[in-house]
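Undergrad: Here it is, the structure, as structure tokens.
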There are 2 protein chains.
Amino acid sequence: MALPLLSSSYLPLIEAELRRAVGDGPEALRDYFVMMRYHLGWVDEAGQASPNGSIGKRIRPLLCLLACAASGGEPGRALPMAAAIELLHNFSLLHDDIQDNSPLRRGRPTVWQRWGVAQAINAGDAMFTLAHLAPHRLAERGVAPEVALAALAEFDRTCLALTQGQFLDMRFEGCERVTVDEYLRMIRGKTAVLIAACTKLGALLAGASAERQHHFEQFGLNLGLAFQVHDDWLGIWGDPAATGKSAASDLEQRKKSLPVVYGMERSPEFAARYARPHAPGEPVAGLAAQLDALGARAYTVQAAQSLTDEATAHLRAAAPAGPAAEALWELTGSLLKRNA
Amino acid sequence: MALPLLSSSYLPLIEAELRRAVGDGPEALRDYFVMMRYHLGWVDEAGQASPNGSIGKRIRPLLCLLACAASGGEPGRALPMAAAIELLHNFSLLHDDIQDNSPLRRGRPTVWQRWGVAQAINAGDAMFTLAHLAPHRLAERGVAPEVALAALAEFDRTCLALTQGQFLDMRFEGCERVTVDEYLRMIRGKTAVLIAACTKLGALLAGASAERQHHFEQFGLNLGLAFQVHDDWLGIWGDPAATGKSAASDLEQRKKSLPVVYGMERSPEFAARYARPHAPGEPVAGLAAQLDALGARAYTVQAAQSLTDEATAHLRAAAPAGPAAEALWELTGSLLKRNA
């Protein structure tokens with residue numbers, strides 16, 4: 001049970017570093033900061049400390065610190081980068097909510113709903129900037145300039161991949177057909193590269209060898225892909241009692257998840273049917289059964305399994321050490337075996 | 001006439017560095033790159049090289065290279081940062097066009113008009129990222145890691161001030177009253193800090209002393225402020241034949257420019273009148289005359305003059321040398337004495 005122990009020690013450090021990274025400003029900029037603090041779950045819409053605001057699981061910064069510690073580094077060395085990654089993730093959610101027209105996040109109105117699209121775009125830009133300012137604190141942690149610069153370059157390449165994944169995701173919404181390859185490229189950029197950056201940067205800041213960094217990176221990348229593919233499986237075949245969503249909720253919303261794009265590739269009939277909106281009240285159970293018959297369910301289970309195998313092989317090759325290694329294995333298990 | 005000579009030598013270098021910074025990608029990401037190239041004026045909406053696309057004046061990167069050269073540095077050392085600054089400026093225009101609901105930029109449809117708001121937000125995010133990736137090429141130019149890191153930190157602080165200026169600008173649109181102090185804080189963030197970053201970073205990358213960097217920074221800051229204040233004067237009292245806009249066009253659009261916020265502070269009657277939309281066909285010449293009577297015209301001329309004096313004093317104190325110094329004086333003169 002290394003994970004609960006290390007989490008309870010790391011999470012307050014992460015939150016404190018995030019608060020330092022967001023910082024403060026004069027009264028004239030009050031709402032500028034309130035928007036970001038609200039999105040991060042620290043305050044309510046009026047800017048008051050929100051005792052019941054959910055702050056998210058902070059899994060990414062946790063992974064970064066664990067990878068640093070498991071590579072033999074003092075986890076505090078990675079804290080500024082862990083904060084940067086969490087801010088980057090939250091920047092992407094802030095803009096994503098506008099792009100998806102989502103009214104709610106974690107049960108509260110989204111920033112654009114509360115402050116309008118124009119200010120929400122700017123709040124995202126501000127958070128993106130703060131994500132870039134955070135790593136400049138690496139020097140305080142004793143990280144040499146050339147290492148900090150290499151970490152920042154890696155961070156920026158991650159940002160680029162993220163915007164490319166987001167481009168593809170939005171583009172796919174307007175496409176009738178998406179191939180499995182295109183889909184995998186999209187989730188790689190949209191989800192997996194950020195997880196890969198967490199684990200790679202943790203190792204890099206610990207001073208791990210290039211080979212060890214590579215294995216940590218590939219562990220994170222495959223973990224991220226496996227997580228998303230498992231999520232896609234849950235979105236169709238997950239137990240509604242466990243997921244809290246309606247059965248086959250992804251099919252209700254006509255999402256183009258992995259089972260669906262696999263089915264589209266296999267069957268033009270399925271693709272044509274999926275291209276038209278459901279009639280009101282039309283059950284989607286038949287679509288789930290069709291996908292099952294096309295082999296999409298088995299394919300998805302198999303894909304999640306082989307990505308999981310890949311992730312665990314790289315984690316083993318990365319030779320993580322100490323309680324943080326144990327915690328990484330536990331976290332990997334909990335992310336990939338969840339049923340909700 | 002050092003400016004035309006140096007411009008014609010620097011501008012192609014800037015354009016080439018910008019193209020390197022934007023880069024390329026696989027066919028699946030074609031439109032991701034087309035959106036940015038289109039916004040930068042290189043291609044038309046179909047992604048074809050646009051022989052008549054206006055690329056903007058590239059004044060910011062030019063200032064950066066001139067400040068570097070005038071500080072005794074090889075201007076090529078500052079090129080990656082000059083490209084970063086131009087990309088940052090263009091990122092801000094891309095999001096600004098969405099926030100302002102502007103259909104046109106340089107005579108062509110804006111990115112959001114052509115590709116939709118969601119993709120345009122992402123294109124801005126991508127350009128913001130490329131602006132951050134560009135300075136990682138400083139190493140190729142022989143810039144030491146600690147200098148590159150210091151330059152990046154300065155760049156990121158500039159980004160933060162930019163988002164704060166943008167926040168204030170949008171907030172003011174919904175306010176009945178804005179004070180002169182609030183207005184000056186806004187244009188400082190929205191316009192002047194980026195010009196200050198150009199000149200300061202040019203000097204920094206040339207290896208100038210902290211004191212010289214400071215004077216270059218203050219030169220840029222006051223130049224940016226003076227430019228904006230002069231622009232505000234032109235927007236009301238500029239010659240329509242020269243500006244190509246209708247007389248008092250800023251008053252037509254009920255902009256809260258410096259003369260207006262000055263007038264609002266002096267006269268509650270003017271403030272109350274300005275708070276209501278113009279009746280159809282109602283002439284705004286009377287408002288311009290009111291502002292004149294309130295002393296807003298004289299105040300604005302005086303403010304532009306004292307900011308210009310401040311800028312030139314700092315440029316003198318920065319002790320620029322060689323043809324680049326001459327070019328900086330010419331550029332300063334042309335920016336502040338223009339009538340359009």
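We label chains A, B, ... in the order they appear in the structure tokens, count residues from 1 in each chain, and number ligands from 1 in the order shown.
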Wanna dump the chain B-chain A contacts at 7 Å for me, each residue with its shortest atom pair and the distance in Å to one decimal, counting only C-alpha atoms, ordered by chain and number, as a tab-separated table?
TA:
```
residue	atom	partner	partner_atom	distance
B:Tyr32	CA	A:Phe167	CA	6.7
B:Gln99	CA	A:Ala118	CA	4.6
B:Ala118	CA	A:Gln99	CA	4.6
B:Gln119	CA	A:Phe167	CA	6.8
B:Asn122	CA	A:Thr163	CA	6.4
B:Asp125	CA	A:Thr163	CA	6.9
B:Ala126	CA	A:Thr163	CA	5.7
B:Thr129	CA	A:Leu160	CA	6.0
B:His132	CA	A:Asp156	CA	6.7
B:Leu133	CA	A:Asp156	CA	6.0
B:His136	CA	A:Ala153	CA	6.6
B:Pro145	CA	A:Glu146	CA	5.3
B:Glu146	CA	A:Pro145	CA	5.3
B:Leu149	CA	A:Leu149	CA	6.3
B:Ala153	CA	A:His136	CA	6.6
B:Asp156	CA	A:Leu133	CA	6.0
B:Cys159	CA	A:Thr129	CA	6.3
B:Leu160	CA	A:Thr129	CA	6.0
B:Thr163	CA	A:Ala126	CA	5.7
B:Phe167	CA	A:Tyr32	CA	6.7
```
Undergrad: If DSSP is run on the backbone, what residues of stretch 208-329 of chain B are alpha helix (DSSP H)? A reply as a PyMOL selection string would be ideal.
TA: chain B and resi 210-237+240-243+249-252+258-266+268-275+285-293+296-317+322-329
Undergrad: What's the 8 Å shell around A:Val111, counting only C-alpha atoms, without same-chain residues fewer than 6 positions away, as a PyMOL selection string?
TA: chain A and resi 35+38-39+94+120
Undergrad: Which distance in Å separates atom CA of A:Ala324 and atom CA of A:Ala70, to one decimal?
TA: 5.0 Å
Undergrad: Would you mind listing what lies within 6 Å of stretch 280-296 of chain B as a count of residues only, with only C-alpha atoms counted and same-chain residues fewer than 5 positions away left out?
TA: 3
Undergrad: Can you work out which one of B:Leu221, B:Pro80, B:Gln253, B:Ser102 has the shortest atom-to-atom distance to B:Ala151, counting only C-alpha atoms?
TA: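 Closest to B:Ala151 of all the choices is B:Pro80.
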Undergrad: What does the distance from atom CA of B:Leu223 to atom CA of B:Thr308 come to in Å, to one decimal?
TA: 6.4 Å
Undergrad: Which neighbours of B:Ala210 fall inside 12 Å, counting only C-alpha atoms, when residues of the same chain fewer than 4 positions from it are skipped, and could you give them as a list in words?
TA: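 The filter keeps Ser71, Lys200, Leu201, Ala203, Leu204, Leu205, Ala206, His214, His215, Phe216, Glu217 and Ala318 of chain B.
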Undergrad: List the neighbours of B:Lys256 out to 10 Å using only C-alpha atoms; skip same-chain residues closer than 5 positions along the sequence, and give me the result as a list in words.
TA: Asp169, Phe172, Glu173, Cys175, Glu176, Arg177, Val178, Thr179, Tyr183, Asp232, Asp250, Leu251, Val261, Tyr262, Met264 and Tyr274 of chain B
Undergrad: Name all residues at most 6 Å from stretch 16-22 of chain B (count only C-alpha atoms; drop same-chain ones fewer than 2 positions away) and give them as a compact mmCIF listing (two decimals) with N, CA and C atoms, in the first residue's frame.
TA:
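Produced file part_26.txt, reproduced below:
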```
# COMPACT_ATOMS: atom_id res chain seq x y z
N LEU B 13 15.47 37.22 -43.20
CA LEU B 13 15.94 36.31 -42.15
C LEU B 13 14.82 36.00 -41.16
N ILE B 14 14.06 37.03 -40.82
CA ILE B 14 12.94 36.85 -39.90
C ILE B 14 11.91 35.91 -40.50
N ALA B 83 11.56 35.56 -33.74
CA ALA B 83 10.48 34.75 -34.31
C ALA B 83 9.44 34.43 -33.23
N ALA B 134 10.18 28.08 -30.42
CA ALA B 134 11.18 28.81 -31.22
C ALA B 134 12.45 29.14 -30.44
```
Undergrad: Which parts of stretch 55-219 of chain B does DSSP call strand (DSSP E or B) when run on the backbone here, written out as a PyMOL selection string?
TA: chain B and resi 104-105+108-109
Undergrad: With only C-alpha atoms as the atoms that count, which of B:Ala192, B:Leu79, B:Cys68, B:Ile55 lies nearest to B:Pro323?
TA: B:Cys68
Undergrad: Can you tell me how far atom CA of A:Leu11 sits from atom CA of A:Leu62, in Å to one decimal?
TA: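 Result for atom CA of A:Leu11 versus atom CA of A:Leu62: 7.2 Å, one decimal.
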